[in-house]
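S.K.: See target-v6.pdb below, with PDB, C-alpha atoms and all ligand atoms.
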ATOM      1  CA  MET A   1     124.023  98.191  94.959
ATOM      2  CA  LEU A   2     120.339  98.847  94.128
ATOM      3  CA  GLN A   3     121.051  99.601  90.469
ATOM      4  CA  GLN A   4     123.287  96.514  90.191
ATOM      5  CA  LEU A   5     120.447  94.427  91.613
ATOM      6  CA  LYS A   6     117.837  95.964  89.312
ATOM      7  CA  ASP A   7     120.054  95.257  86.276
ATOM      8  CA  ALA A   8     120.573  91.642  87.333
ATOM      9  CA  ILE A   9     116.832  91.088  87.872
ATOM     10  CA  THR A  10     115.896  92.793  84.606
ATOM     11  CA  SER A  11     118.238  90.531  82.631
ATOM     12  CA  ARG A  12     116.912  87.310  84.280
ATOM     13  CA  LEU A  13     113.212  88.255  84.451
ATOM     14  CA  PRO A  14     112.221  86.886  80.994
ATOM     15  CA  GLU A  15     113.110  83.334  82.107
ATOM     16  CA  LEU A  16     111.233  83.617  85.460
ATOM     17  CA  ASP A  17     107.544  83.634  86.487
ATOM     18  CA  LEU A  18     108.238  86.234  89.158
ATOM     19  CA  VAL A  19     110.925  87.685  91.413
ATOM     20  CA  LEU A  20     110.410  88.338  95.128
ATOM     21  CA  GLY A  21     111.852  91.590  96.504
ATOM     22  CA  TRP A  22     110.772  94.558  98.665
ATOM     23  CA  GLU A  23     109.132  97.914  97.976
ATOM     24  CA  MET A  24     108.364 100.870 100.258
ATOM     25  CA  GLY A  25     105.196 100.173 102.133
ATOM     26  CA  PHE A  26     102.301 101.865 103.838
ATOM     27  CA  ASP A  27     104.448 104.377 105.746
ATOM     28  CA  PRO A  28     108.023 105.714 105.448
ATOM     29  CA  PHE A  29     109.319 103.206 108.044
ATOM     30  CA  HIS A  30     108.140  99.948 106.501
ATOM     31  CA  ALA A  31     109.064  98.089 103.334
ATOM     32  CA  THR A  32     106.705  95.345 102.179
ATOM     33  CA  PRO A  33     107.209  92.320  99.919
ATOM     34  CA  LEU A  34     107.098  93.038  96.184
ATOM     35  CA  TYR A  35     106.181  90.493  93.513
ATOM     36  CA  ILE A  36     108.031  91.513  90.340
ATOM     37  CA  ARG A  37     106.317  90.093  87.259
ATOM     38  CA  GLU A  38     107.253  92.623  84.588
ATOM     39  CA  ALA A  39     110.104  95.015  83.868
ATOM     40  CA  ALA A  40     108.177  98.077  85.121
ATOM     41  CA  ASP A  41     107.858  96.491  88.610
ATOM     42  CA  VAL A  42     111.661  96.460  88.991
ATOM     43  CA  GLU A  43     111.641 100.247  89.495
ATOM     44  CA  ARG A  44     109.659  99.816  92.753
ATOM     45  CA  LEU A  45     112.367  97.654  94.284
ATOM     46  CA  VAL A  46     114.143  98.853  97.446
ATOM     47  CA  VAL A  47     116.940  97.398  99.576
ATOM     48  CA  GLY A  48     118.478  98.574 102.857
ATOM     49  CA  PRO A  49     117.564  98.749 106.543
ATOM     50  CA  TRP A  50     113.802  98.588 105.973
ATOM     51  CA  ALA A  51     114.002  95.405 103.865
ATOM     52  CA  VAL A  52     113.459  93.162 106.866
ATOM     53  CA  HIS A  53     111.176  90.347 105.629
ATOM     54  CA  ASN A  54     112.671  86.973 104.924
ATOM     55  CA  LEU A  55     111.034  86.346 101.548
ATOM     56  CA  ALA A  56     112.042  82.676 101.588
ATOM     57  CA  THR A  57     108.826  82.140 103.573
ATOM     58  CA  TYR A  58     106.934  82.351 100.267
ATOM     59  CA  LEU A  59     109.061  79.835  98.380
ATOM     60  CA  PRO A  60     107.406  76.518  99.402
ATOM     61  CA  GLY A  61     104.030  77.931  98.312
ATOM     62  CA  LEU A  62     105.483  78.773  94.895
ATOM     63  CA  LYS A  63     106.921  75.300  94.275
ATOM     64  CA  GLY A  64     106.579  74.410  90.591
ATOM     65  CA  LYS A  65     107.169  77.992  89.379
ATOM     66  CA  LYS A  66     110.433  79.554  88.227
ATOM     67  CA  VAL A  67     111.057  82.071  90.980
ATOM     68  CA  GLY A  68     113.738  84.673  91.608
ATOM     69  CA  ILE A  69     114.308  85.863  95.161
ATOM     70  CA  VAL A  70     116.325  88.687  96.708
ATOM     71  CA  VAL A  71     117.991  87.535  99.921
ATOM     72  CA  LYS A  72     120.140  88.928 102.678
ATOM     73  CA  GLY A  73     122.709  86.635 104.283
ATOM     74  CA  CYS A  74     120.308  85.308 106.925
ATOM     75  CA  ASP A  75     117.538  84.762 104.374
ATOM     76  CA  SER A  76     119.917  82.858 102.102
ATOM     77  CA  ARG A  77     120.319  80.236 104.831
ATOM     78  CA  SER A  78     116.579  79.574 104.684
ATOM     79  CA  VAL A  79     116.762  79.014 100.918
ATOM     80  CA  ILE A  80     119.597  76.526 101.359
ATOM     81  CA  GLN A  81     117.790  74.749 104.198
ATOM     82  CA  LEU A  82     114.504  74.518 102.257
ATOM     83  CA  ALA A  83     116.386  73.031  99.294
ATOM     84  CA  ASN A  84     118.338  70.630 101.544
ATOM     85  CA  GLU A  85     115.023  69.325 102.900
ATOM     86  CA  GLY A  86     113.459  68.966  99.441
ATOM     87  CA  LEU A  87     110.819  71.606 100.241
ATOM     88  CA  ILE A  88     111.795  73.620  97.151
ATOM     89  CA  ARG A  89     113.624  72.674  93.971
ATOM     90  CA  ARG A  90     116.835  74.689  93.994
ATOM     91  CA  GLU A  91     117.045  74.504  90.185
ATOM     92  CA  ASP A  92     113.714  76.395  89.978
ATOM     93  CA  VAL A  93     114.986  79.267  92.130
ATOM     94  CA  THR A  94     117.291  82.086  91.053
ATOM     95  CA  VAL A  95     118.924  83.628  94.101
ATOM     96  CA  PHE A  96     119.841  87.327  93.947
ATOM     97  CA  GLY A  97     122.059  87.666  97.023
ATOM     98  CA  LEU A  98     122.950  90.869  98.864
ATOM     99  CA  CYS A  99     125.963  91.815 100.938
ATOM    100  CA  CYS A 100     124.000  93.147 103.870
ATOM    101  CA  ASP A 101     124.694  95.994 106.322
ATOM    102  CA  GLY A 102     121.818  95.059 108.620
ATOM    103  CA  VAL A 103     118.178  95.891 109.165
ATOM    104  CA  VAL A 104     116.295  97.914 111.761
ATOM    105  CA  SER A 105     114.460  96.599 114.769
ATOM    106  CA  HIS A 106     111.162  98.483 114.812
ATOM    107  CA  ARG A 107     110.900  97.759 118.526
ATOM    108  CA  LYS A 108     114.206  99.603 119.169
ATOM    109  CA  LEU A 109     113.185 102.372 116.800
ATOM    110  CA  ARG A 110     109.895 102.920 118.649
ATOM    111  CA  GLU A 111     111.890 103.497 121.827
ATOM    112  CA  LYS A 112     113.968 106.232 120.122
ATOM    113  CA  LEU A 113     111.095 108.211 118.645
ATOM    114  CA  PRO A 114     109.091 110.945 120.405
ATOM    115  CA  ALA A 115     105.795 109.507 119.118
ATOM    116  CA  ASP A 116     104.317 106.313 117.740
ATOM    117  CA  LEU A 117     105.472 105.105 114.283
ATOM    118  CA  GLY A 118     102.039 106.119 112.965
ATOM    119  CA  PHE A 119     103.065 109.784 113.436
ATOM    120  CA  VAL A 120     106.110 109.539 111.130
ATOM    121  CA  GLU A 121     105.708 112.084 108.343
ATOM    122  CA  GLU A 122     108.985 111.636 106.480
ATOM    123  CA  ALA A 123     112.117 109.509 106.815
ATOM    124  CA  GLN A 124     115.311 108.953 104.872
ATOM    125  CA  TRP A 125     118.711 107.371 105.407
ATOM    126  CA  GLN A 126     121.871 109.421 104.916
ATOM    127  CA  ALA A 127     124.740 106.924 105.168
ATOM    128  CA  ASP A 128     123.988 105.187 108.478
ATOM    129  CA  VAL A 129     121.911 107.988 110.022
ATOM    130  CA  LEU A 130     118.138 108.053 109.795
ATOM    131  CA  ARG A 131     116.661 111.539 109.601
ATOM    132  CA  ALA A 132     112.928 111.710 110.183
ATOM    133  CA  ARG A 133     110.106 114.110 110.978
ATOM    134  CA  VAL A 134     107.828 112.633 113.590
ATOM    135  CA  ALA A 135     104.768 114.518 114.849
ATOM    136  CA  GLY A 136     106.365 117.780 113.704
ATOM    137  CA  GLN A 137     109.735 117.107 115.382
ATOM    138  CA  GLU A 138     113.035 116.517 113.536
ATOM    139  CA  VAL A 139     114.798 113.353 114.772
ATOM    140  CA  SER A 140     118.055 111.651 113.836
ATOM    141  CA  VAL A 141     118.911 108.085 114.842
ATOM    142  CA  ARG A 142     122.055 106.049 114.093
ATOM    143  CA  LEU A 143     121.506 102.661 112.464
ATOM    144  CA  SER A 144     123.864 101.040 114.983
ATOM    145  CA  ASP A 145     121.475 102.119 117.784
ATOM    146  CA  VAL A 146     118.416 100.503 116.213
ATOM    147  CA  LEU A 147     120.016  97.482 114.518
ATOM    148  CA  ALA A 148     118.160  94.181 115.001
ATOM    149  CA  ASP A 149     119.937  91.951 117.536
ATOM    150  CA  LYS A 150     120.383  89.267 114.876
ATOM    151  CA  CYS A 151     122.496  91.755 112.878
ATOM    152  CA  ILE A 152     124.744  92.433 115.873
ATOM    153  CA  ALA A 153     125.408  88.676 116.086
ATOM    154  CA  CYS A 154     125.471  88.100 112.305
ATOM    155  CA  CYS A 155     127.998  85.542 111.043
ATOM    156  CA  TYR A 156     126.806  85.540 107.412
ATOM    157  CA  PRO A 157     126.203  89.078 106.104
ATOM    158  CA  ASN A 158     126.958  88.028 102.508
ATOM    159  CA  ALA A 159     124.290  85.794 100.964
ATOM    160  CA  LEU A 160     125.381  82.152 100.793
ATOM    161  CA  GLY A 161     124.956  80.055  97.646
ATOM    162  CA  ALA A 162     123.695  82.990  95.546
ATOM    163  CA  ASP A 163     123.455  82.821  91.751
ATOM    164  CA  VAL A 164     124.175  86.551  91.612
ATOM    165  CA  LEU A 165     125.883  88.356  94.515
ATOM    166  CA  VAL A 166     125.376  92.124  94.632
ATOM    167  CA  GLY A 167     127.255  94.758  96.667
ATOM    168  CA  SER A 168     130.648  94.807  98.373
ATOM    169  CA  GLU A 169     131.346  91.764 100.503
ATOM    170  CA  ARG A 170     131.452  92.455 104.234
ATOM    171  CA  THR A 171     133.639  90.775 106.803
ATOM    172  CA  ALA A 172     131.490  89.313 109.567
ATOM    173  CA  SER A 173     132.229  90.689 113.037
ATOM    174  CA  PRO A 174     129.611  88.990 115.217
ATOM    175  CA  GLN A 175     129.155  90.343 118.749
ATOM    176  CA  PRO A 176     127.446  88.426 121.545
ATOM    177  CA  VAL A 177     123.849  89.478 122.187
ATOM    178  CA  ALA A 178     123.628  90.596 125.812
ATOM    179  CA  CYS A 179     120.106  89.266 126.458
ATOM    180  CA  GLN A 180     121.125  85.822 125.120
ATOM    181  CA  GLU A 181     124.130  85.670 127.422
ATOM    182  CA  SER A 182     121.983  86.573 130.444
ATOM    183  CA  PHE A 183     119.391  83.979 129.410
ATOM    184  CA  GLU A 184     121.996  81.227 129.027
ATOM    185  CA  ALA A 185     123.377  82.050 132.490
ATOM    186  CA  LEU A 186     120.008  81.219 134.135
ATOM    187  CA  SER A 187     119.467  77.861 135.790
ATOM    188  CA  SER A 188     116.877  75.494 134.277
ATOM    189  CA  ALA A 189     114.375  76.450 136.991
ATOM    190  CA  GLU A 190     114.952  80.151 136.324
ATOM    191  CA  LYS A 191     114.567  79.626 132.574
ATOM    192  CA  GLN A 192     111.277  77.833 133.212
ATOM    193  CA  ALA A 193     110.043  80.652 135.477
ATOM    194  CA  PHE A 194     111.092  83.243 132.883
ATOM    195  CA  TRP A 195     109.076  81.516 130.141
ATOM    196  CA  GLN A 196     106.057  80.992 132.361
ATOM    197  CA  GLU A 197     105.949  84.712 133.057
ATOM    198  CA  THR A 198     106.753  85.710 129.467
ATOM    199  CA  MET A 199     104.325  83.305 127.821
ATOM    200  CA  ALA A 200     101.481  84.777 129.849
ATOM    201  CA  ARG A 201     101.613  87.646 127.324
ATOM    202  CA  CYS A 202     101.184  85.384 124.278
ATOM    203  CA  ILE A 203      97.830  85.822 122.546
ATOM    204  CA  ARG A 204      98.358  82.656 120.425
ATOM    205  CA  CYS A 205      97.926  84.582 117.189
ATOM    206  CA  TYR A 206     100.355  82.169 115.435
ATOM    207  CA  ALA A 207     102.097  85.065 113.656
ATOM    208  CA  CYS A 208     105.462  83.603 114.751
ATOM    209  CA  ARG A 209     104.580  80.312 113.075
ATOM    210  CA  ASN A 210     103.151  81.877 109.929
ATOM    211  CA  ALA A 211     106.167  84.138 109.383
ATOM    212  CA  CYS A 212     108.653  81.287 109.775
ATOM    213  CA  PRO A 213     110.204  80.100 106.482
ATOM    214  CA  MET A 214     110.845  76.655 107.942
ATOM    215  CA  CYS A 215     107.333  76.152 109.384
ATOM    216  CA  VAL A 216     105.910  74.527 106.282
ATOM    217  CA  CYS A 217     102.978  72.439 107.549
ATOM    218  CA  ARG A 218     100.648  75.468 107.208
ATOM    219  CA  ASP A 219      97.026  74.253 107.545
ATOM    220  CA  HIS A 220      98.215  70.874 108.831
ATOM    221  CA  CYS A 221     100.062  72.300 111.846
ATOM    222  CA  ILE A 222      99.869  69.834 114.716
ATOM    223  CA  ALA A 223      98.904  72.695 117.063
ATOM    224  CA  THR A 224      95.618  73.391 115.285
ATOM    225  CA  SER A 225      94.633  70.470 113.076
ATOM    226  CA  ARG A 226      94.315  67.411 115.334
ATOM    227  CA  ASP A 227      90.989  65.967 116.454
ATOM    228  CA  PRO A 228      90.686  66.147 119.395
ATOM    229  CA  LEU A 229      92.783  69.330 119.437
ATOM    230  CA  TRP A 230      96.079  69.191 121.282
ATOM    231  CA  LEU A 231      95.588  72.770 122.428
ATOM    232  CA  GLY A 232      92.446  74.376 123.763
ATOM    233  CA  GLN A 233      91.382  77.995 123.333
ATOM    234  CA  GLU A 234      92.311  78.790 126.916
ATOM    235  CA  ASN A 235      94.948  81.504 126.967
ATOM    236  CA  SER A 236      97.231  80.284 129.725
ATOM    237  CA  PRO A 237     101.025  80.127 130.017
ATOM    238  CA  ALA A 238     100.807  76.311 130.003
ATOM    239  CA  GLU A 239      98.863  76.118 126.713
ATOM    240  CA  ASN A 240     100.999  78.847 125.144
ATOM    241  CA  PHE A 241     104.158  77.110 126.251
ATOM    242  CA  MET A 242     102.906  73.848 124.765
ATOM    243  CA  PHE A 243     102.490  75.600 121.410
ATOM    244  CA  GLN A 244     105.970  77.088 121.628
ATOM    245  CA  MET A 245     107.444  73.695 122.463
ATOM    246  CA  ILE A 246     105.802  72.226 119.359
ATOM    247  CA  HIS A 247     107.208  75.077 117.280
ATOM    248  CA  VAL A 248     110.681  74.901 118.766
ATOM    249  CA  MET A 249     110.953  71.118 118.483
ATOM    250  CA  HIS A 250     109.841  71.195 114.857
ATOM    251  CA  LEU A 251     112.567  73.760 114.246
ATOM    252  CA  ALA A 252     115.335  71.899 116.091
ATOM    253  CA  GLY A 253     118.272  71.623 113.712
ATOM    254  CA  ARG A 254     116.302  73.544 111.061
ATOM    255  CA  CYS A 255     115.952  77.113 112.403
ATOM    256  CA  THR A 256     118.081  79.520 110.376
ATOM    257  CA  GLU A 257     117.873  82.327 112.983
ATOM    258  CA  CYS A 258     116.311  84.789 110.543
ATOM    259  CA  GLY A 259     114.372  86.299 113.440
ATOM    260  CA  GLU A 260     111.068  86.528 111.605
ATOM    261  CA  CYS A 261     109.166  84.799 114.423
ATOM    262  CA  GLU A 262     110.292  87.394 116.953
ATOM    263  CA  ARG A 263     109.738  90.311 114.564
ATOM    264  CA  ALA A 264     106.207  89.173 113.784
ATOM    265  CA  CYS A 265     105.199  88.808 117.425
ATOM    266  CA  PRO A 266     102.751  91.619 118.306
ATOM    267  CA  VAL A 267     103.527  91.415 122.019
ATOM    268  CA  ASP A 268     107.345  91.370 121.751
ATOM    269  CA  ILE A 269     107.990  87.895 123.134
ATOM    270  CA  PRO A 270     111.754  87.291 122.785
ATOM    271  CA  LEU A 271     111.384  84.052 120.822
ATOM    272  CA  LEU A 272     114.926  84.073 119.493
ATOM    273  CA  LEU A 273     116.271  83.346 122.983
ATOM    274  CA  LEU A 274     114.711  79.898 122.743
ATOM    275  CA  ARG A 275     115.598  79.369 119.078
ATOM    276  CA  ARG A 276     119.261  80.297 119.556
ATOM    277  CA  HIS A 277     119.429  78.136 122.662
ATOM    278  CA  MET A 278     118.173  75.111 120.698
ATOM    279  CA  ASN A 279     120.571  75.881 117.857
ATOM    280  CA  ARG A 280     123.484  75.900 120.299
ATOM    281  CA  VAL A 281     122.371  72.489 121.577
ATOM    282  CA  THR A 282     122.145  71.178 118.005
ATOM    283  CA  GLN A 283     125.574  72.554 117.200
ATOM    284  CA  ASP A 284     127.113  71.003 120.318
ATOM    285  CA  LEU A 285     125.518  67.602 119.686
ATOM    286  CA  PHE A 286     125.736  67.329 115.915
ATOM    287  CA  ALA A 287     128.259  70.014 114.814
ATOM    288  CA  TYR A 288     125.514  71.245 112.505
ATOM    289  CA  GLU A 289     124.359  74.759 111.604
ATOM    290  CA  ALA A 290     121.179  74.954 109.505
ATOM    291  CA  GLY A 291     121.337  76.426 106.026
ATOM    292  CA  THR A 292     125.065  77.003 105.822
ATOM    293  CA  THR A 293     126.094  74.050 103.638
ATOM    294  CA  VAL A 294     124.449  73.138 100.345
ATOM    295  CA  GLY A 295     123.355  69.494 100.144
ATOM    296  CA  GLN A 296     123.606  68.748 103.890
ATOM    297  CA  THR A 297     120.855  66.683 105.566
ATOM    298  CA  PRO A 298     119.601  68.043 108.931
ATOM    299  CA  PRO A 299     120.635  65.787 111.839
ATOM    300  CA  LEU A 300     117.061  65.076 112.935
ATOM    301  CA  LEU A 301     116.180  63.843 109.445
ATOM    302  CA  THR A 302     118.772  61.080 109.680
ATOM    303  CA  PHE A 303     119.158  58.129 112.029
ATOM    304  CA  GLN A 304     122.334  56.597 113.361
ATOM    305  CA  VAL A 305     122.507  53.892 116.005
ATOM    306  CA  GLU A 306     125.371  55.722 117.701
ATOM    307  CA  GLU A 307     125.661  59.529 117.455
ATOM    308  CA  ALA A 308     129.230  60.787 117.923
ATOM    309  CA  GLY A 309     128.118  63.770 120.052
ATOM    310  CA  ILE A 310     125.721  61.849 122.336
ATOM    311  CA  ASN A 311     127.089  59.637 125.087
ATOM    312  CA  GLU A 312     123.865  57.682 125.394
ATOM    313  CA  ARG A 313     124.901  55.183 128.034
ATOM    314  CA  GLY A 314     127.257  57.439 129.915
ATOM    315  CA  TRP A 315     124.880  58.763 132.547
TER     316      TRP A 315
HETATM  317  S1  LIG B 401     121.429  89.039 110.227
HETATM  318 FE1  LIG B 401     123.107  89.577 108.860
HETATM  319  S2  LIG B 401     122.365  89.166 106.823
HETATM  320 FE2  LIG B 401     120.581  89.176 108.167
HETATM  321  S3  LIG B 401     119.790  91.251 108.059
HETATM  322 FE3  LIG B 401     121.212  91.221 109.756
HETATM  323  S4  LIG B 401     123.227  91.795 108.948
HETATM  324 FE4  LIG B 401     121.875  91.300 107.238
HETATM  325  S1  LIG B 402     112.025  79.842 114.122
HETATM  326 FE1  LIG B 402     112.184  82.072 113.866
HETATM  327  S2  LIG B 402     114.362  82.441 113.556
HETATM  328 FE2  LIG B 402     114.020  80.261 113.194
HETATM  329  S3  LIG B 402     113.703  80.048 110.994
HETATM  330 FE3  LIG B 402     111.668  80.292 111.957
HETATM  331  S4  LIG B 402     111.264  82.484 111.882
HETATM  332 FE4  LIG B 402     113.455  82.225 111.499
HETATM  333  S1  LIG B 403     103.528  85.727 117.583
HETATM  334 FE1  LIG B 403     103.794  86.102 119.771
HETATM  335  S2  LIG B 403     101.698  86.326 120.557
HETATM  336 FE2  LIG B 403     101.531  85.348 118.539
HETATM  337  S3  LIG B 403     101.555  83.134 118.979
HETATM  338 FE3  LIG B 403     103.648  83.724 118.565
HETATM  339  S4  LIG B 403     104.528  84.152 120.606
HETATM  340 FE4  LIG B 403     102.284  84.185 120.811
END
Please rewrite the model in this file as structure tokens.
Ligand code: SF4
Ligand code: SF4
Ligand code: SF4
M.R.:
Amino acid sequence: MLQQLKDAITSRLPELDLVLGWEMGFDPFHATPLYIREAADVERLVVGPWAVHNLATYLPGLKGKKVGIVVKGCDSRSVIQLANEGLIRREDVTVFGLCCDGVVSHRKLREKLPADLGFVEEAQWQADVLRARVAGQEVSVRLSDVLADKCIACCYPNALGADVLVGSERTASPQPVACQESFEALSSAEKQAFWQETMARCIRCYACRNACPMCVCRDHCIATSRDPLWLGQENSPAENFMFQMIHVMHLAGRCTECGECERACPVDIPLLLLRRHMNRVTQDLFAYEAGTTVGQTPPLLTFQVEEAGINERGW
């Protein structure tokens, strides 16, 4: 698959300003984003379980350039959604899509290793088994045991709307995510109590917002740019929850469930519980799933006097 991808990028590169992909990063367990500008850069490209970043996050900032992007299935939804909202020009973007076998959750991986990720000396995948030397000890871990939750529930492993699709197409076999099911089973009061306790950990670093491909306001974010400020510097569950509500409501009907917010969180706040919950509500009300259909307008960017899924006067 990697060679097929490299060949496809090499043949399209002359007509593009750059191509976004991944390369191996600062240690054997992390890939980092790669900007490919010339043919020699293509050799640094990697794909596979470490290629976790959703590179679509960079696309709005590159508007006006001819950009290629390598996407997994989940990332491809963000490209479609950005184009559907006019935040990028689809004709300026060349999408190199992958048929994806899933990516690792570094949080799950940390739990399987005898020492911190900083002590990893060597690591390589053999089929779906990771063999590593960590602090002098040999370790082997199965990919299925450290797969990101979003991959367990994945409905779209093959990139949607790609100009070039690379790899062998996979059949989706989504499984329910246990923590989501337990969360949904809570009453409203219990959900509220859960978030009050969980949000006490938030350090309001805004990494979840900055990593999100659909959070495009950047320096004009309502959470930080109003005068007087809507949020103070106080680090309390109430202020943190207010920020999350702003984020979640701005993502209602737009979140593509790429999981970047949760991955970026330094204190492991399970943000996808809230995102998936809101997506279920949007699906129930509007029969709409973000980033799955080219040319579709998000329900909250349209107005109808009567919505078919909302019985406004029925209470
Ligand atoms: S959610 Fe699906 S497409 Fe995205 S990384 Fe996981 S398996 Fe791949
Ligand atoms: S809110 Fe999280 S899961 Fe949704 S699009 Fe943004 S980063 Fe991805
Ligand atoms: S990334 Fe985590 S700690 Fe940072 S603002 Fe978001 S929820 Fe809070």
S.K.: If we count all atoms listed in the file, what is near Ser140 in chain A at a cut-off of 10 Å, once residues fewer than 2 positions away on the same chain are taken out, given as a list of chain:residue names?
M.R.: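 Using all atoms listed in the file, the neighbours found are A:Lys112, A:Leu113, A:Ala123, A:Gln124, A:Trp125, A:Gln126, A:Val129, A:Leu130, A:Arg131, A:Ala132, A:Arg133, A:Glu138, A:Arg142, A:Leu143.
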S.K.: Neighbouring residues of ligand LIG 403 (chain B) are defined here as those with any atom at most 8 Å from a ligand atom, counting all atoms listed in the file; list them as a PyMOL selection string.
M.R.: chain A and resi 199+201-209+240+243-244+261-262+264-269+271
S.K.: Can you spit out the residues from that selection as a short mmCIF file (atom, residue, chain, number, x, y, z; two decimals), keeping the file's coordinate frame, using C-alpha atoms?
M.R.:
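For reference, out.cif as written:
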data_model
loop_
_atom_site.label_atom_id
_atom_site.label_comp_id
_atom_site.auth_asym_id
_atom_site.auth_seq_id
_atom_site.Cartn_x
_atom_site.Cartn_y
_atom_site.Cartn_z
CA MET A 199 104.32 83.30 127.82
CA ARG A 201 101.61 87.65 127.32
CA CYS A 202 101.18 85.38 124.28
CA ILE A 203 97.83 85.82 122.55
CA ARG A 204 98.36 82.66 120.42
CA CYS A 205 97.93 84.58 117.19
CA TYR A 206 100.36 82.17 115.44
CA ALA A 207 102.10 85.06 113.66
CA CYS A 208 105.46 83.60 114.75
CA ARG A 209 104.58 80.31 113.08
CA ASN A 240 101.00 78.85 125.14
CA PHE A 243 102.49 75.60 121.41
CA GLN A 244 105.97 77.09 121.63
CA CYS A 261 109.17 84.80 114.42
CA GLU A 262 110.29 87.39 116.95
CA ALA A 264 106.21 89.17 113.78
CA CYS A 265 105.20 88.81 117.42
CA PRO A 266 102.75 91.62 118.31
CA VAL A 267 103.53 91.42 122.02
CA ASP A 268 107.34 91.37 121.75
CA ILE A 269 107.99 87.90 123.13
CA LEU A 271 111.38 84.05 120.82
#
S.K.: Would you work out the distance separating atom FE3 of ligand LIG 402 (chain B) from CA of Arg275 in chain A, expressed in Å to one decimal?
M.R.: 8.2 Å
S.K.: Once the PyMOL selection byres (((chain A and resi 50-63) around 8) and not hetatm) has been evaluated on this model, what residues remain selected, and can you format them as an MDAnalysis selection string?
M.R.: chainID A and resid 20:22 29:33 46:49 64:65 67 69:71 75:76 78:79 82 87:89 103:104 211:214 216 258 260
S.K.: Which chains and residue numbers are within 6 Å of ligand LIG 401 (chain B), counting all atoms listed in the file, if I want them as a list in words?
M.R.: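 Selection of residues at most 6 Å from ligand LIG 401 (chain B): Lys72, Gly73, Cys74, Cys100, Asp101, Gly102, Val103, Lys150, Cys151, Cys154, Tyr156 and Pro157 of chain A.
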S.K.: Enclose ligand LIG 402 (chain B), meaning all of its atoms listed in the file, in a box aligned along x, y and z, pad it by 6 Å on each side, and list the centre and edge lengths in Å to one decimal, as AutoDock Vina command-line options.
M.R.:
--center_x 112.8 --center_y 81.2 --center_z 112.6 --size_x 15.1 --size_y 14.6 --size_z 15.1
S.K.: Quick one: pull the distance between CA of Leu98 in chain A and CA of Val166 in chain A, Å, one decimal.
M.R.: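 These two atoms are separated by 5.0 Å.
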S.K.: Just checking: using all atoms listed in the file, which residue out of A:Asn311, A:Gln196, A:Asn210, A:Ser225 ends up closest to Arg263 in chain A?
M.R.: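 The answer is A:Asn210, which sits nearest to Arg263 in chain A.
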S.K.: With all atoms listed in the file as the counted atoms, please give the residues lying no more than 10 Å from Glu15 in chain A, apart from itself and same-chain residues fewer than 2 positions off, as a PyMOL selection string.
M.R.: chain A and resi 11-13+17-18+66-68+94
S.K.: Which residues, protein or nucleic acid, reach to within 8 Å of (116.7, 77.0, 114.3) in the file's coordinates when using all atoms listed in the file, and can you give that as a PyMOL selection string?
M.R.: chain A and resi 248+251-257+275-276+278-279+290
S.K.: Report the distance between CA of Glu122 in chain A and CA of Pro28 in chain A in Å, rounded to one decimal place.
M.R.: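 Between these atoms lies a distance of 6.1 Å.
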S.K.: Determine the nearest neighbour of Ala159 in chain A from the options A:Val134, A:Val146, A:Val95, A:Ile36, counting all atoms listed in the file.
M.R.: A:Val95
S.K.: Have a look at A:Leu147, A:Ala135, A:Cys99, A:Cys179 and name the one nearest to Pro114 in chain A; count only C-alpha atoms.
M.R.: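 Once distances to Pro114 in chain A are computed over only C-alpha atoms, the minimum belongs to A:Ala135.
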S.K.: Which of these residues is nearest to Phe241 in chain A, using all atoms listed in the file: A:Ala200, A:Val139, A:Arg226, A:Gly161?
M.R.: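 Checking each of A:Ala200, A:Val139, A:Arg226, A:Gly161 against Phe241 in chain A, counting all atoms listed in the file, the winner is A:Ala200.
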